[in-house]
$ cat upload.csv   # CSV, C-alpha atoms
chain,number,residue,atom,x,y,z
A,1043,ASP,CA,-14.8,-0.3,0.7
A,1044,ILE,CA,-11.5,1.6,0.6
A,1045,PRO,CA,-13.0,5.1,-0.2
A,1046,THR,CA,-15.4,4.8,2.7
A,1047,PHE,CA,-12.6,3.7,5.0
A,1048,GLU,CA,-10.6,6.8,3.9
A,1049,ALA,CA,-13.6,9.0,4.6
A,1050,CYS,CA,-13.9,7.6,8.1
A,1051,LEU,CA,-10.2,8.0,8.7
A,1052,ALA,CA,-10.5,11.6,7.7
A,1053,ALA,CA,-13.4,12.1,10.1
A,1054,GLY,CA,-11.4,10.5,12.9
A,1055,ALA,CA,-14.2,7.9,13.3
A,1056,PHE,CA,-12.0,5.0,14.5
A,1057,ASP,CA,-10.3,4.9,17.9
A,1058,PHE,CA,-7.8,2.4,16.4
A,1059,ALA,CA,-7.1,1.7,12.8
A,1060,TYR,CA,-4.8,-0.5,10.6
A,1061,MET,CA,-3.9,1.7,7.6
A,1062,ASN,CA,-1.5,1.5,4.7
A,1063,PRO,CA,1.6,3.7,4.8
A,1064,MET,CA,0.3,6.5,2.7
A,1065,HIS,CA,-2.9,6.6,4.6
A,1066,TYR,CA,-0.8,7.0,7.8
A,1067,ALA,CA,1.3,9.8,6.2
A,1068,ILE,CA,-1.8,11.7,5.4
A,1069,PHE,CA,-4.1,11.0,8.3
A,1070,SER,CA,-1.5,11.4,11.0
A,1071,ASN,CA,-1.4,15.0,9.8
A,1072,GLU,CA,-5.1,15.6,9.0
A,1073,ALA,CA,-6.9,13.5,11.6
A,1074,ALA,CA,-4.5,13.2,14.6
A,1075,TYR,CA,-3.7,9.5,14.3
A,1076,ARG,CA,-0.5,8.3,15.9
A,1077,ALA,CA,1.2,5.0,15.2
A,1078,ILE,CA,1.7,2.6,18.0
A,1079,ALA,CA,2.9,-0.5,16.1
A,1080,HIS,CA,3.7,-2.1,12.8
A,1081,GLN,CA,4.4,-5.6,11.5
A,1082,GLU,CA,7.8,-7.0,12.5
A,1083,GLY,CA,10.4,-7.8,9.8
A,1084,LYS,CA,8.4,-6.4,6.9
A,1085,ARG,CA,9.1,-3.9,4.2
A,1086,LEU,CA,6.5,-3.1,1.5
A,1087,LYS,CA,7.6,-3.3,-2.1
A,1088,GLY,CA,5.8,-2.8,-5.4
A,1089,VAL,CA,6.5,-4.7,-8.6
A,1090,MET,CA,5.8,-3.9,-12.2
A,1091,VAL,CA,5.0,-6.8,-14.6
A,1092,ALA,CA,4.8,-7.1,-18.3
A,1093,ARG,CA,4.2,-10.1,-20.7
A,1094,VAL,CA,7.2,-12.3,-21.1
A,1095,ASP,CA,7.1,-11.9,-24.8
A,1096,SER,CA,6.7,-8.1,-24.8
A,1097,GLU,CA,9.2,-5.4,-25.7
A,1098,PHE,CA,8.9,-3.9,-22.2
A,1099,THR,CA,11.9,-4.9,-20.1
A,1100,GLU,CA,12.2,-1.9,-17.8
A,1101,ILE,CA,9.9,0.9,-16.7
A,1102,THR,CA,11.6,3.5,-19.0
A,1103,SER,CA,10.3,1.5,-22.0
A,1104,LEU,CA,6.7,2.2,-20.9
A,1105,ASP,CA,6.5,5.8,-22.1
A,1106,GLY,CA,3.1,6.4,-23.7
A,1107,GLN,CA,1.6,3.0,-22.7
A,1108,LYS,CA,-1.5,2.0,-20.8
A,1109,ILE,CA,-0.7,0.6,-17.3
A,1110,ALA,CA,-3.0,-1.2,-15.0
A,1111,PHE,CA,-3.2,-0.6,-11.2
A,1112,PRO,CA,-5.7,-2.0,-8.6
A,1113,SER,CA,-6.7,1.4,-7.3
A,1114,PRO,CA,-5.2,4.9,-6.9
A,1115,GLY,CA,-4.6,4.5,-3.2
A,1116,ALA,CA,-3.1,1.0,-3.2
A,1117,PHE,CA,0.3,1.7,-1.6
A,1118,GLY,CA,2.7,-0.9,-3.0
A,1119,ALA,CA,1.0,-1.7,-6.3
A,1120,SER,CA,0.0,1.8,-7.3
A,1121,ILE,CA,1.6,4.6,-5.3
A,1122,LEU,CA,5.1,3.2,-5.2
A,1123,ASN,CA,5.0,2.1,-8.8
A,1124,ARG,CA,3.6,5.5,-9.9
A,1125,ALA,CA,6.3,7.3,-7.9
A,1126,SER,CA,9.0,5.2,-9.7
A,1127,LEU,CA,7.5,6.1,-13.1
A,1128,ARG,CA,7.4,9.8,-12.1
A,1129,ARG,CA,11.1,9.7,-11.1
A,1130,VAL,CA,12.1,8.6,-14.6
A,1131,ASN,CA,9.7,11.0,-16.3
A,1132,VAL,CA,7.6,8.3,-18.0
A,1133,THR,CA,4.2,9.4,-19.3
A,1134,TYR,CA,1.5,6.8,-19.3
A,1135,THR,CA,-2.3,6.2,-19.1
A,1136,PRO,CA,-3.4,4.6,-15.8
A,1137,THR,CA,-6.3,2.2,-15.7
A,1138,TYR,CA,-7.7,1.1,-12.3
A,1139,VAL,CA,-9.1,-2.4,-12.3
A,1140,LYS,CA,-10.0,-2.9,-8.6
A,1141,SER,CA,-7.8,-5.9,-7.7
A,1142,HIS,CA,-4.3,-7.2,-8.1
A,1143,ASP,CA,-5.5,-10.4,-9.8
A,1144,SER,CA,-7.3,-8.2,-12.4
A,1145,VAL,CA,-4.1,-6.3,-13.0
A,1146,TYR,CA,-2.1,-9.5,-13.7
A,1147,ARG,CA,-4.7,-11.0,-15.9
A,1148,ALA,CA,-5.2,-7.8,-17.9
A,1149,VAL,CA,-1.5,-7.7,-18.7
A,1150,ALA,CA,-1.4,-11.4,-19.5
A,1151,ALA,CA,-4.3,-11.0,-21.9
A,1152,GLY,CA,-2.4,-8.2,-23.7
A,1153,LEU,CA,-4.9,-5.5,-22.7
A,1154,MET,CA,-2.3,-3.5,-20.9
A,1155,ALA,CA,1.4,-3.0,-21.5
A,1156,ALA,CA,2.2,-3.5,-17.8
A,1157,GLY,CA,0.7,-3.5,-14.4
A,1158,GLY,CA,1.5,-2.8,-10.8
A,1159,GLY,CA,1.3,-5.4,-8.0
A,1160,VAL,CA,3.2,-6.3,-4.8
A,1161,THR,CA,5.5,-9.3,-4.1
A,1162,ARG,CA,2.9,-11.0,-1.9
A,1163,THR,CA,0.2,-11.1,-4.6
A,1164,TRP,CA,2.7,-11.9,-7.3
A,1165,ASN,CA,3.9,-15.0,-5.4
A,1166,ALA,CA,0.3,-16.1,-4.8
A,1167,LEU,CA,-0.7,-15.7,-8.4
A,1168,ASP,CA,-2.1,-18.6,-10.4
A,1169,PRO,CA,1.0,-20.2,-11.9
A,1170,GLU,CA,-0.7,-20.4,-15.3
A,1171,VAL,CA,-1.0,-16.6,-15.3
A,1172,ARG,CA,2.4,-16.0,-13.8
A,1173,THR,CA,4.3,-17.9,-16.4
A,1174,GLN,CA,3.0,-15.4,-19.0
A,1175,LEU,CA,4.5,-12.5,-17.1
A,1176,ARG,CA,7.8,-11.2,-15.9
A,1177,ILE,CA,8.8,-8.6,-13.3
A,1178,ILE,CA,10.4,-5.6,-15.0
A,1179,HIS,CA,10.8,-3.4,-11.9
A,1180,GLU,CA,10.8,-3.7,-8.2
A,1181,THR,CA,10.6,-0.7,-5.9
A,1182,ASP,CA,12.6,0.0,-2.8
A,1183,GLY,CA,11.2,-1.4,0.5
A,1184,PHE,CA,9.1,0.9,2.7
A,1185,THR,CA,7.8,0.9,6.3
A,1186,PRO,CA,4.6,-1.3,6.4
A,1187,HIS,CA,1.0,-0.6,7.5
A,1188,ALA,CA,0.5,1.3,10.7
A,1189,ILE,CA,-1.6,0.4,13.6
A,1190,ALA,CA,-2.5,3.8,15.0
A,1191,ALA,CA,-4.6,5.3,17.8
A,1192,HIS,CA,-6.6,8.5,17.4
A,1193,GLY,CA,-5.5,11.5,19.4
A,1194,SER,CA,-8.8,11.3,21.4
A,1195,VAL,CA,-7.7,7.9,22.9
A,1196,GLU,CA,-6.4,8.1,26.4
A,1197,PRO,CA,-2.6,7.6,26.3
A,1198,VAL,CA,-2.7,4.9,29.0
A,1199,LEU,CA,-5.1,2.9,26.9
A,1200,ALA,CA,-3.0,3.3,23.7
A,1201,GLN,CA,0.1,2.2,25.6
A,1202,LYS,CA,-1.8,-0.9,26.9
A,1203,ILE,CA,-2.8,-1.9,23.3
A,1204,GLN,CA,0.7,-1.2,22.1
A,1205,ALA,CA,2.1,-3.6,24.8
A,1206,ALA,CA,-0.4,-6.3,23.9
A,1207,LEU,CA,0.5,-6.1,20.2
A,1208,VAL,CA,4.3,-6.2,20.9
A,1209,ASN,CA,3.9,-9.2,23.2
A,1210,MET,CA,1.4,-11.0,21.1
A,1211,ALA,CA,4.0,-13.2,19.3
A,1212,SER,CA,4.9,-14.8,22.7
A,1213,THR,CA,1.5,-14.6,24.5
A,1214,HIS,CA,-0.8,-15.6,21.6
A,1215,PRO,CA,1.4,-17.0,18.7
A,1216,ASP,CA,-1.6,-18.6,17.1
A,1217,LEU,CA,-3.1,-15.1,16.5
A,1218,VAL,CA,0.0,-13.8,14.8
A,1219,LEU,CA,0.6,-16.9,12.7
A,1220,GLY,CA,-3.0,-16.9,11.7
A,1221,VAL,CA,-2.5,-13.6,9.8
A,1222,GLY,CA,0.8,-14.6,8.3
A,1223,MET,CA,3.0,-12.4,10.4
A,1224,LYS,CA,6.0,-12.8,12.7
A,1225,GLY,CA,4.7,-10.3,15.2
A,1226,PHE,CA,4.5,-6.6,15.9
A,1227,VAL,CA,7.0,-4.0,17.0
A,1228,SER,CA,6.4,-0.6,18.6
A,1229,ALA,CA,6.3,2.3,16.2
A,1230,LYS,CA,6.8,6.0,16.2
A,1231,ASP,CA,5.6,8.7,13.8
A,1232,SER,CA,9.0,9.3,12.2
A,1233,ASP,CA,9.1,5.6,11.0
A,1234,TRP,CA,6.9,6.7,8.1
A,1235,ASP,CA,9.2,9.6,7.0
A,1236,ASP,CA,10.4,7.3,4.1
A,1237,VAL,CA,6.8,7.4,2.8
A,1238,ARG,CA,6.6,11.2,3.2
A,1239,SER,CA,9.8,11.5,1.3
A,1240,LEU,CA,8.0,10.3,-1.8
A,1241,GLY,CA,6.5,13.7,-2.2
A,1242,MET,CA,3.1,12.3,-3.2
A,1243,ASP,CA,0.5,14.7,-2.0
A,1244,ARG,CA,-3.2,13.8,-1.7
A,1245,GLU,CA,-4.0,14.8,-5.3
A,1246,LYS,CA,-1.3,12.5,-6.7
A,1247,THR,CA,-2.4,9.5,-4.5
A,1248,GLY,CA,-6.1,9.6,-5.4
A,1249,ILE,CA,-7.0,9.3,-1.7
A,1250,LYS,CA,-10.4,10.9,-1.2
A,1251,HIS,CA,-11.0,14.3,0.4
A,1252,VAL,CA,-13.3,14.9,3.3
A,1253,GLY,CA,-16.8,15.4,2.0
A,1254,GLU,CA,-16.4,13.5,-1.3
A,1255,ILE,CA,-17.7,10.3,0.4
A,1256,ALA,CA,-19.6,10.2,3.7
A,1257,CYS,CA,-18.4,8.2,6.6
A,1258,PRO,CA,-21.4,6.2,8.0
A,1259,SER,CA,-20.2,6.5,11.6
A,1260,GLY,CA,-18.4,9.9,11.3

$ encode --input "upload.csv" --output "C-alpha cells"
Amino acid sequence: DIPTFEACLAAGAFDFAYMNPMHYAIFSNEAAYRAIAHQEGKRLKGVMVARVDSEFTEITSLDGQKIAFPSPGAFGASILNRASLRRVNVTYTPTYVKSHDSVYRAVAAGLMAAGGGVTRTWNALDPEVRTQLRIIHETDGFTPHAIAAHGSVEPVLAQKIQAALVNMASTHPDLVLGVGMKGFVSAKDSDWDDVRSLGMDREKTGIKHVGEIACPSG
C-alpha cells in the first residue's frame, strides 16, 4: 500500500522508483533519490467536484464544509486541491475515502459537499455518476511523476536506464502505448521546483515519517 511504499522510499530501499511529484520533492531531499525521467507531454491537474444541483459553484463557497479526498498523499486529487483551498483561506473538514471512485460517489450521494479528483479519473468515471456532478475548480498543471534512481546506484547504470526510457517510444512503442503514455523524456531535479513552490511540508501532505510504518525490505 502507499504508506508502506512511502516508508520504503524513506529508507532508500529501492534502487529505482516511480513516485508522485510530492514524493519526489520530499525523498529527493531525505533519501538521495535523483530523477532521471518523467512522462512526455503530461502535466498533472487536480479537479474539485460538487453535485450539479448544489449551491457550491467555486471553491470559496466550500468554507466550513466536509470535503472528500482519496488519501492525504494523493498528489493531484488531494495535495493540489488542498493547496488551492489553503490559498483562498477556506476552512474545511477533510475525509479520506481511499479511492477516487469513492470520492465521486460520496459527493454524488450527498454525503460530502465536494471532493477532489484528477482529470484522468474524472474522464473515466461511470457516466451515470458523472452526470450528477460538475467540476467547480481545476488546479494548475504540475510536473508529473518522477522515475528516480537512488544515490547508491552507479551513475553509468542510471544513465543507461535513462537512455532506455527516453528511447522506448521508438524502440518498444508497444510498451509505452500499453501504459497509456506517449513516452518519456529525461529529467533533472529542478523540474520539480514547481511542486516545491507549493510550500507543502511533510506535516501538511500526510506523507508518513520514517519509523511510523516499517519497510519490509528496508

$ residues_around --input "upload.csv" --residues "stretch 1123-1139 of chain A" --least-positions-apart "5" --cutoff "10 Å" --atoms "all atoms listed in the file" --output "ChimeraX atom specification"
/A:1087-1090,1101-1114,1116-1118,1144-1145,1148,1154,1157-1160,1179-1182,1240-1242,1246-1247

$ residues_around --input "upload.csv" --residues "A:Ala1229" --least-positions-apart "5" --cutoff "6 Å" --atoms "all atoms listed in the file" --output "CSV table (one decimal) with C-alpha atoms, in the coordinates of the input"
chain,number,residue,atom,x,y,z
A,1077,ALA,CA,1.2,5.0,15.2
A,1078,ILE,CA,1.7,2.6,18.0
A,1079,ALA,CA,2.9,-0.5,16.1

$ atom_distance --input "upload.csv" --atom1 "atom CA of A:Phe1047" --atom2 "atom CA of A:Gly1248"
13.6 Å

$ atom_distance --input "upload.csv" --atom1 "atom CA of A:Gly1193" --atom2 "atom CA of A:Tyr1075"
5.8 Å

$ residues_near_point --input "upload.csv" --point "(5.6, -11.7, -26.4)" --cutoff "10 Å" --atoms "only C-alpha atoms" --output "list in words"
Ala1092, Arg1093, Val1094, Asp1095, Ser1096, Glu1097, Phe1098, Ala1150, Gly1152, Gln1174 and Leu1175 of chain A

$ residues_around --input "upload.csv" --residues "A:Ala1205" --least-positions-apart "3" --cutoff "10 Å" --atoms "all atoms listed in the file" --output "PyMOL selection string"
chain A and resi 1078-1079+1199-1202+1208-1210+1226-1228

$ residues_around --input "upload.csv" --residues "A:Leu1086" --least-positions-apart "4" --cutoff "7 Å" --atoms "all atoms listed in the file" --output "ChimeraX atom specification"
/A:1118,1183-1186

$ closest_residue --input "upload.csv" --among "A:Val1091, A:Ala1190, A:Ala1206, A:Val1218" --to "A:Phe1069" --atoms "only C-alpha atoms"
A:Ala1190

$ atom_distance --input "upload.csv" --atom1 "atom CA of A:Ala1151" --atom2 "atom CA of A:Val1171"
9.3 Å
